[in-house]
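Undergrad: Okay, handing you the structure first.
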Amino acid sequence: MPRTDDDAPPAPFRPLLRQGARFGREAAERPILMFEDVYKSYRPGAPVLRGMNLVIERGEFVFVTGASGSGKSTLLRMLYRAETVDQGRILFMGRDVARLTADSVPFLRRNLGVVFQDFKLVKSWTVFENVAIALEVLGLPSRLIRARVGEALERVGLQGRGEDPAGVLSGGEQQRVAIARAIVGEPALLLADEPTGNLDPQLALDILGLFEEINESGTTIFFATHDRSLLDVRPRRLIVLDEGKAVDVAGAMSPPFPDQYASLPH
Amino acid sequence: MITGPIGTTRRAQRGMLREWRLHALSVFSLAVAFVCLGAALLVVSNLQAVEDRWAHAGRASIYLKDNATQDDVEAFRSALGKVPGVTHVKYLSSGQARAEFGAEEVPIHPELAALPIEAFPASIEIEVRPDMSDAELAAIVAKVHQLPAVDDVETYRAWTDRLASLVRGGVAASILLALVVLAAVLAVVGSTIRLALQRRSIEVEVLRLVGATDGFVKGPFLIEGSAQGALGALGALGLLAALFGMVRARMDGELSALIGVEPSFLPWQMAAAMVVLGAVLGAVAAMLGLRKLVAV
């Protein structure tokens with residue numbers, strides 16, 4: 001991580017690497033995310049995911065959907081290592097997330113952005129503090145943090161709101177703050193776990209639009225939702241979790257969906 | 001840099017200010033515990049000063065009868081000088097004794113200047129080897145008592161022994177109180193930190209989710225615990241100093257006449273050690289309280 005003096009102009013942001021690691025051009029050609037034969041169960045004999053295989057390429061915008069209890073949230077939780085797989089591999093940028101030690105998990109999460117349905121903001125902090133914390137853990141100089149947070153807030157349409165307490169914002173604004181926090185570190189992959197679940201339909205579309213703008217700048221988006229209206233309005237690659245497996249709904253770039261998935265909640 | 005000690009301290013300060021009532025209650029509880037310890041240390045330090053003042057080990061005062069002649073005194077002095085173990089012999093006449101007493105005590109108690117010279121018997125002050133055993137000194141005293149010119153012999157041993165016993169008792173009490181303080185700090189700070197952790201659980205969860213390490217999460221809590229311990233000790237010192245000042249203002253003359261020394265507050269080294277102890281115990285208690293920090 002480049003460390004700049006307070007007097008020097010902010011250096012371009014580069015994600016953290018382990019000591020001795022290096023960027024390799026070939027890494028850019030590989031898929032950003034691969035699930036290989038992933039098994040996960042919470043109760044014996046009732047696996048949530050059974051032999052799930054999935055490949056996500058860099059820069060994709062992928063919807064993940066399925067019935068309640070199909071494993072959408074579990075999938076995301078395994079990605080940022082709040083859960084561990086029972087079997088199989090999850091390769092993120094070539095590294096097996098499942099094999100990471102507990103000490104390495106923070107470094108994984110610094111390369112991910114996660115947005116939740118309940119926003120997960122610290123209400124007693126200001127908007128600025130909520131977003132800045134994602135850079136404070138990286139040890140960046142305060143001048144650089146101020147600049148980056150300002151850019152992120154502008155990107156989500158909250159410029160000038162840095163000093164407002166997060167607790168007084170509306171639901172849509174809080175979710176924008178959460179998105180700003182998720183993108184301020186310029187992660188390679190953005191995970192969204194039902195981010196529009198607590199928002200009205202119009203706000204949900206606004207938030208989805210924000211995700212799409214972020215995707216256009218190159219960030220891979222993995223968007224878990226059961227909201228059929230979003231899937232209908234914005235045709236994207238769609239993964240359906242069905243009986244523990246990921247089904248790439250071929251030809252689902254535009255509705256209507258194949259008959260067997262027509263019953264998905266919306 | 002916004003992390004490192006400055007950033008961690010800043011986050012700790014933010015946390016303490018936002019939960020100031022909780023921390024104020026904890027600091028007050030700790031101050032009460034430290035007052036007990038501080039009071040015991042205050043008593044012990046003054047007792048030690050008294051012991052140093054009165055410990056005439058290796059010294060004796062032989063009081064002569066009023067009818068002792070100058071020849072008796074000279075013969076006595078000569079004989080004592082030859083006794084093995086006696087290193088110094090000095091004759092103090094009544095007038096000299098009165099003058100010495102006046103120089104020490106009259107500035108504090110002017111009324112004592114009116115005491116007659118008869119109140120100050122002549123004496124022979126002897127000093128013995130510091131390594132002389134109690135038995136050897138007792139043997140010399142026994143022989144000296146048998147001399148016709150001797151009225152009384154004072155070795156100050158009883159006082160010294162009594163004071164040493166008091167000091168030992170005070171030290172034991174201080175150790176016990178220190179253990180009580182240790183338990184109090186661990187319990188109070190540990191509970192406060194666990195409660196603060198619970199009230200800031202969303203903050204901890206967010207920190208974990210954005211990639212904060214264990215040290216980043218726990219650092220501010222350790223500083224908060226340490227600050228509670230140090231502030232508790234400082235508060236106790238302030239309270240003790242105020243109480244000491246009040247007691248001293250009311251009983252200054254009587255107290256110093258009674259014990260023979262000016263009562264003094266805790267030495268600065270002891271006060272500093274209390275604050276450092278509070279800080280260290282607070283940090284340890286916070287560390288123990290954070291053991292069950294839930295991983296996200």
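The way I read the labels, and the way they are meant: chains A, B, ... in the order of the structure tokens, residue 1 as the first residue of every chain, and ligand 1 as the first ligand shown, with later ones counted on from there.
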Please, which residues of chain B lie no more than 12 Å from chain A when the count uses only C-alpha atoms, and can they be set out as a ChimeraX atom specification?

TA: /B:1-8,10-11,14-15,17-19,199-217,294-296

Undergrad: Kindly save the residues from that selection, with C-alpha atoms included, as a PDB file, in the first residue's frame.

TA:
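Final output, saved to part.pdb:
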ATOM      1  CA  MET B   1      -1.756   7.910   9.663  1.00  0.00           C
ATOM      2  CA  ILE B   2      -5.214   7.327  10.972  1.00  0.00           C
ATOM      3  CA  THR B   3      -4.375   3.936  12.430  1.00  0.00           C
ATOM      4  CA  GLY B   4      -1.571   3.084  14.767  1.00  0.00           C
ATOM      5  CA  PRO B   5      -1.523   4.443  18.323  1.00  0.00           C
ATOM      6  CA  ILE B   6      -3.008   7.836  17.421  1.00  0.00           C
ATOM      7  CA  GLY B   7      -5.920   6.412  15.446  1.00  0.00           C
ATOM      8  CA  THR B   8      -6.584   3.765  18.072  1.00  0.00           C
ATOM      9  CA  ARG B  10      -8.827   8.590  18.835  1.00  0.00           C
ATOM     10  CA  ARG B  11     -11.321   5.760  18.403  1.00  0.00           C
ATOM     11  CA  ARG B  14     -14.698   8.610  20.692  1.00  0.00           C
ATOM     12  CA  GLY B  15     -16.038   5.475  22.337  1.00  0.00           C
ATOM     13  CA  LEU B  17     -17.158  10.118  25.089  1.00  0.00           C
ATOM     14  CA  ARG B  18     -20.170   8.400  23.581  1.00  0.00           C
ATOM     15  CA  GLU B  19     -20.476   6.082  26.586  1.00  0.00           C
ATOM     16  CA  ARG B 199     -23.704  -1.767  23.198  1.00  0.00           C
ATOM     17  CA  ARG B 200     -21.313  -1.289  20.322  1.00  0.00           C
ATOM     18  CA  SER B 201     -21.859  -4.696  18.784  1.00  0.00           C
ATOM     19  CA  ILE B 202     -22.944  -3.220  15.456  1.00  0.00           C
ATOM     20  CA  GLU B 203     -19.742  -1.192  15.386  1.00  0.00           C
ATOM     21  CA  VAL B 204     -17.676  -4.326  15.982  1.00  0.00           C
ATOM     22  CA  GLU B 205     -19.664  -6.194  13.337  1.00  0.00           C
ATOM     23  CA  VAL B 206     -19.045  -3.440  10.788  1.00  0.00           C
ATOM     24  CA  LEU B 207     -15.352  -3.373  11.614  1.00  0.00           C
ATOM     25  CA  ARG B 208     -15.113  -7.110  11.029  1.00  0.00           C
ATOM     26  CA  LEU B 209     -16.987  -6.866   7.755  1.00  0.00           C
ATOM     27  CA  VAL B 210     -14.725  -4.192   6.298  1.00  0.00           C
ATOM     28  CA  GLY B 211     -11.627  -6.227   7.143  1.00  0.00           C
ATOM     29  CA  ALA B 212     -10.470  -5.002  10.552  1.00  0.00           C
ATOM     30  CA  THR B 213      -8.030  -7.294  12.311  1.00  0.00           C
ATOM     31  CA  ASP B 214      -8.486  -8.417  15.901  1.00  0.00           C
ATOM     32  CA  GLY B 215      -5.969  -5.828  17.054  1.00  0.00           C
ATOM     33  CA  PHE B 216      -7.822  -3.023  15.261  1.00  0.00           C
ATOM     34  CA  VAL B 217     -11.091  -4.036  16.909  1.00  0.00           C
ATOM     35  CA  VAL B 294     -17.546 -12.821  18.697  1.00  0.00           C
ATOM     36  CA  ALA B 295     -16.138 -13.365  15.244  1.00  0.00           C
ATOM     37  CA  VAL B 296     -18.368 -12.395  12.333  1.00  0.00           C
TER      38      VAL B 296
END

Undergrad: Would you pick out the contacts of range 44-51 of chain B at 9 Å or less, using only C-alpha atoms, so that residues sharing its chain but fewer than 2 positions from it are not included, and give the list as an mmCIF file with C-alpha atoms, in the first residue's frame?

TA:
data_model
loop_
_atom_site.group_PDB
_atom_site.id
_atom_site.type_symbol
_atom_site.label_atom_id
_atom_site.label_comp_id
_atom_site.auth_asym_id
_atom_site.auth_seq_id
_atom_site.Cartn_x
_atom_site.Cartn_y
_atom_site.Cartn_z
ATOM 1 C CA ALA B 39 -5.138 5.030 52.623
ATOM 2 C CA ALA B 40 -3.320 1.873 53.690
ATOM 3 C CA LEU B 41 -0.189 2.948 51.808
ATOM 4 C CA LEU B 42 -0.417 6.404 53.399
ATOM 5 C CA ARG B 53 12.723 8.525 63.448
ATOM 6 C CA TRP B 54 12.501 6.392 66.576
ATOM 7 C CA ALA B 55 14.637 3.448 65.593
ATOM 8 C CA TRP B 159 9.320 1.275 70.664
ATOM 9 C CA THR B 160 11.259 0.057 67.669
ATOM 10 C CA LEU B 163 6.671 0.212 65.357
ATOM 11 C CA ALA B 164 8.240 -2.504 63.229
ATOM 12 C CA LEU B 166 2.897 -1.982 63.148
ATOM 13 C CA VAL B 167 4.694 -1.426 59.869
ATOM 14 C CA ARG B 168 4.644 -5.148 59.090
ATOM 15 C CA GLY B 169 0.956 -5.242 59.847
ATOM 16 C CA GLY B 170 0.408 -2.224 57.628
ATOM 17 C CA VAL B 171 2.329 -3.831 54.769
ATOM 18 C CA SER B 174 -1.730 -3.135 52.045
ATOM 19 C CA ILE B 259 4.403 10.600 66.552
ATOM 20 C CA GLY B 260 7.448 12.841 66.474
ATOM 21 C CA VAL B 261 7.366 13.433 62.710
ATOM 22 C CA GLU B 262 5.429 15.645 60.344
ATOM 23 C CA PRO B 263 2.769 13.528 58.618
ATOM 24 C CA SER B 264 3.325 13.537 54.890
ATOM 25 C CA PHE B 265 1.300 12.480 51.867
ATOM 26 C CA LEU B 266 2.305 9.535 49.703
ATOM 27 C CA PRO B 267 5.708 9.878 48.040
#

Undergrad: Write out as a ChimeraX atom specification which residues come within 8 Å of Ala184 in chain B when counting only C-alpha atoms, dropping same-chain ones fewer than 4 positions away.

TA: /B:30,33,180,188

Undergrad: Would you mind listing what lies within 9 Å of Gly51 in chain A as a PDB file with C-alpha atoms, in the first residue's frame, with only C-alpha atoms counted and same-chain residues fewer than 6 positions away left out?

TA:
ATOM      1  CA  GLU A  36     -16.245 -26.020  -7.381  1.00  0.00           C
ATOM      2  CA  ASP A  37     -18.371 -28.803  -5.988  1.00  0.00           C
ATOM      3  CA  VAL A  38     -19.451 -26.827  -2.953  1.00  0.00           C
ATOM      4  CA  TYR A  39     -21.407 -28.603  -0.226  1.00  0.00           C
ATOM      5  CA  LYS A  40     -22.925 -26.909   2.768  1.00  0.00           C
ATOM      6  CA  GLN A  87     -16.733 -29.589   0.984  1.00  0.00           C
ATOM      7  CA  GLY A  88     -15.467 -28.082  -2.216  1.00  0.00           C
ATOM      8  CA  GLY A 244     -28.714 -27.001  -3.739  1.00  0.00           C
ATOM      9  CA  LYS A 245     -27.339 -26.402  -7.207  1.00  0.00           C
TER      10      LYS A 245
END

Undergrad: For Thr155 in chain B, list every protein, DNA or RNA residue within 12 Å, evaluated using only C-alpha atoms, and leave out those in the same chain fewer than 2 positions away; present the list as number ranges by chain.

TA: B: 54-63, 125-128, 134, 137-142, 144, 152-153, 157-161

Undergrad: Mind writing the picked residues with C-alpha atoms as a short mmCIF file (atom, residue, chain, number, x, y, z; two decimals), in the first residue's frame?

TA:
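Result file out_4.cif:
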data_model
loop_
_atom_site.label_atom_id
_atom_site.label_comp_id
_atom_site.auth_asym_id
_atom_site.auth_seq_id
_atom_site.Cartn_x
_atom_site.Cartn_y
_atom_site.Cartn_z
CA TRP B 54 12.50 6.39 66.58
CA ALA B 55 14.64 3.45 65.59
CA HIS B 56 17.58 3.94 67.93
CA ALA B 57 18.82 0.47 67.35
CA GLY B 58 22.45 0.54 68.14
CA ARG B 59 21.92 3.33 70.65
CA ALA B 60 21.11 3.65 74.34
CA SER B 61 20.53 6.46 76.79
CA ILE B 62 21.84 5.91 80.34
CA TYR B 63 20.09 8.33 82.70
CA GLU B 125 24.48 8.53 75.28
CA ILE B 126 26.24 5.49 73.88
CA GLU B 127 26.28 4.11 70.39
CA VAL B 128 26.97 0.46 69.72
CA ASP B 134 19.77 -7.83 71.11
CA LEU B 137 23.00 -5.13 74.16
CA ALA B 138 20.75 -6.56 76.87
CA ALA B 139 23.88 -7.91 78.67
CA ILE B 140 25.52 -4.46 78.62
CA VAL B 141 22.30 -2.86 79.83
CA ALA B 142 22.00 -5.38 82.68
CA VAL B 144 25.03 -0.86 83.56
CA ASP B 152 17.53 4.16 84.17
CA VAL B 153 18.63 2.83 80.77
CA ARG B 157 13.98 -1.37 71.58
CA ALA B 158 10.39 -1.68 72.73
CA TRP B 159 9.32 1.27 70.66
CA THR B 160 11.26 0.06 67.67
CA ASP B 161 9.80 -3.42 67.94
#

Undergrad: Excluding Leu177 in chain B and any residue of its chain fewer than 4 positions from it, enumerate the residues within 9 Å of it, using only C-alpha atoms, and give them as a list in words.

TA: Ala33, Phe34, Cys36, Leu37, Ala40, Ala172, Ala173, Val181 and Leu182 of chain B

Undergrad: Write the residues of the selection above to a file with N, CA and C atoms, as a PDB file, in the first residue's frame.

TA:
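Final output, saved to part-v7.pdb:
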ATOM      1  N   ALA B  33     -12.172   1.802  45.376  1.00  0.00           N
ATOM      2  CA  ALA B  33     -11.251   0.703  45.702  1.00  0.00           C
ATOM      3  C   ALA B  33      -9.832   1.226  45.905  1.00  0.00           C
ATOM      4  N   PHE B  34      -9.422   2.148  45.053  1.00  0.00           N
ATOM      5  CA  PHE B  34      -8.056   2.669  45.154  1.00  0.00           C
ATOM      6  C   PHE B  34      -7.880   3.557  46.388  1.00  0.00           C
ATOM      7  N   CYS B  36      -9.072   2.922  49.308  1.00  0.00           N
ATOM      8  CA  CYS B  36      -8.735   1.987  50.389  1.00  0.00           C
ATOM      9  C   CYS B  36      -7.245   1.635  50.336  1.00  0.00           C
ATOM     10  N   LEU B  37      -6.788   1.309  49.134  1.00  0.00           N
ATOM     11  CA  LEU B  37      -5.377   0.958  48.994  1.00  0.00           C
ATOM     12  C   LEU B  37      -4.490   2.150  49.309  1.00  0.00           C
ATOM     13  N   ALA B  40      -4.227   2.832  53.030  1.00  0.00           N
ATOM     14  CA  ALA B  40      -3.320   1.873  53.690  1.00  0.00           C
ATOM     15  C   ALA B  40      -1.862   2.235  53.410  1.00  0.00           C
ATOM     16  N   ALA B 172       1.166  -5.871  55.396  1.00  0.00           N
ATOM     17  CA  ALA B 172       0.287  -7.030  55.133  1.00  0.00           C
ATOM     18  C   ALA B 172      -1.106  -6.564  54.740  1.00  0.00           C
ATOM     19  N   ALA B 173      -1.590  -5.550  55.461  1.00  0.00           N
ATOM     20  CA  ALA B 173      -2.920  -5.021  55.132  1.00  0.00           C
ATOM     21  C   ALA B 173      -2.917  -4.416  53.739  1.00  0.00           C
ATOM     22  N   VAL B 181      -8.182  -4.615  45.461  1.00  0.00           N
ATOM     23  CA  VAL B 181      -8.214  -3.661  44.357  1.00  0.00           C
ATOM     24  C   VAL B 181      -8.082  -4.393  43.028  1.00  0.00           C
ATOM     25  N   LEU B 182      -7.175  -5.367  42.986  1.00  0.00           N
ATOM     26  CA  LEU B 182      -6.988  -6.156  41.758  1.00  0.00           C
ATOM     27  C   LEU B 182      -8.293  -6.797  41.338  1.00  0.00           C
TER      28      LEU B 182
END

Undergrad: Taking only C-alpha atoms into account, which of B:Gly229, B:Gly235, B:Gly219, B:Gly289 comes nearest Thr9 in chain B?

TA: B:Gly219

Undergrad: Identify all residues of range 88-183 of chain A in strand (DSSP E or B) (DSSP on the backbone) and supply them as an MDAnalysis selection string.

TA: chainID A and resid 88:92 95:96 112:116 126 165

Undergrad: What does the file look like for those residues with C-alpha atoms, as a PDB file, in the first residue's frame?

TA:
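Output below, filename out_5.pdb:
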ATOM      1  CA  GLY A  88     -15.467 -28.082  -2.216  1.00  0.00           C
ATOM      2  CA  ARG A  89     -13.612 -24.926  -3.135  1.00  0.00           C
ATOM      3  CA  ILE A  90     -14.469 -21.301  -3.584  1.00  0.00           C
ATOM      4  CA  LEU A  91     -11.815 -19.564  -5.635  1.00  0.00           C
ATOM      5  CA  PHE A  92     -11.787 -15.786  -5.428  1.00  0.00           C
ATOM      6  CA  ARG A  95      -7.322 -18.112  -3.857  1.00  0.00           C
ATOM      7  CA  ASP A  96      -9.394 -20.736  -2.094  1.00  0.00           C
ATOM      8  CA  LEU A 112     -14.685  -7.317  -1.156  1.00  0.00           C
ATOM      9  CA  GLY A 113     -17.541  -4.919  -0.742  1.00  0.00           C
ATOM     10  CA  VAL A 114     -20.679  -6.189   0.972  1.00  0.00           C
ATOM     11  CA  VAL A 115     -24.074  -4.537   1.082  1.00  0.00           C
ATOM     12  CA  PHE A 116     -26.838  -5.899   3.297  1.00  0.00           C
ATOM     13  CA  THR A 126     -21.718  10.321  10.851  1.00  0.00           C
ATOM     14  CA  PRO A 165     -25.562  11.360  11.576  1.00  0.00           C
TER      15      PRO A 165
END

Undergrad: Excluding same-chain residues fewer than 3 positions from Phe128 in chain A, what lies within 7 Å of it counting only C-alpha atoms, as number ranges by chain?

TA: A: 131-132, 149, 162-163

Undergrad: Create the file for the chosen residues now, containing C-alpha atoms and written as a compact mmCIF listing (two decimals), in the first residue's frame.

TA:
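To be explicit, this is the file written out as again-v3.txt:
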# COMPACT_ATOMS: atom_id res chain seq x y z
CA VAL A 131 -17.76 5.22 4.95
CA ALA A 132 -14.26 6.13 6.12
CA VAL A 149 -14.80 9.22 0.97
CA GLY A 162 -20.73 13.64 5.33
CA GLU A 163 -21.44 15.34 8.66

Undergrad: Choose the residue, out of A:Pro235, A:Met34, A:Leu241, A:Asp248, that has the smallest atom-to-atom separation from Ala67 in chain A; count only C-alpha atoms.

TA: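 The answer is A:Leu241, which sits nearest to Ala67 in chain A.
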
Undergrad: Quick one: distance from CA of Ser256 in chain B to CA of Leu237 in chain B in Å, one decimal?

TA: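 Computing it gives 22.5 Å between the two atoms.
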
Undergrad: Select, from B:Ala183, B:Val27, B:Leu195, B:Val73, the residue with the minimum atom-to-atom distance to Lys90 in chain B, counting only C-alpha atoms.

TA: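 Nearest candidate to Lys90 in chain B out of B:Ala183, B:Val27, B:Leu195, B:Val73: B:Val73.
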
Undergrad: Here is a test: counting only C-alpha atoms, which residue of B:His145, B:Val185, B:Gly253, B:Arg129 is nearest to Pro110 in chain B?

TA: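 Comparing B:His145, B:Val185, B:Gly253, B:Arg129 against Pro110 in chain B, the winner is B:Gly253.
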
Undergrad: DSSP on the backbone: what in range 28-252 of chain A comes out alpha helix (DSSP H), as number ranges by chain?

TA: A: 28-29, 72-79, 105-109, 127-136, 142-155, 171-183, 201-216, 228-233
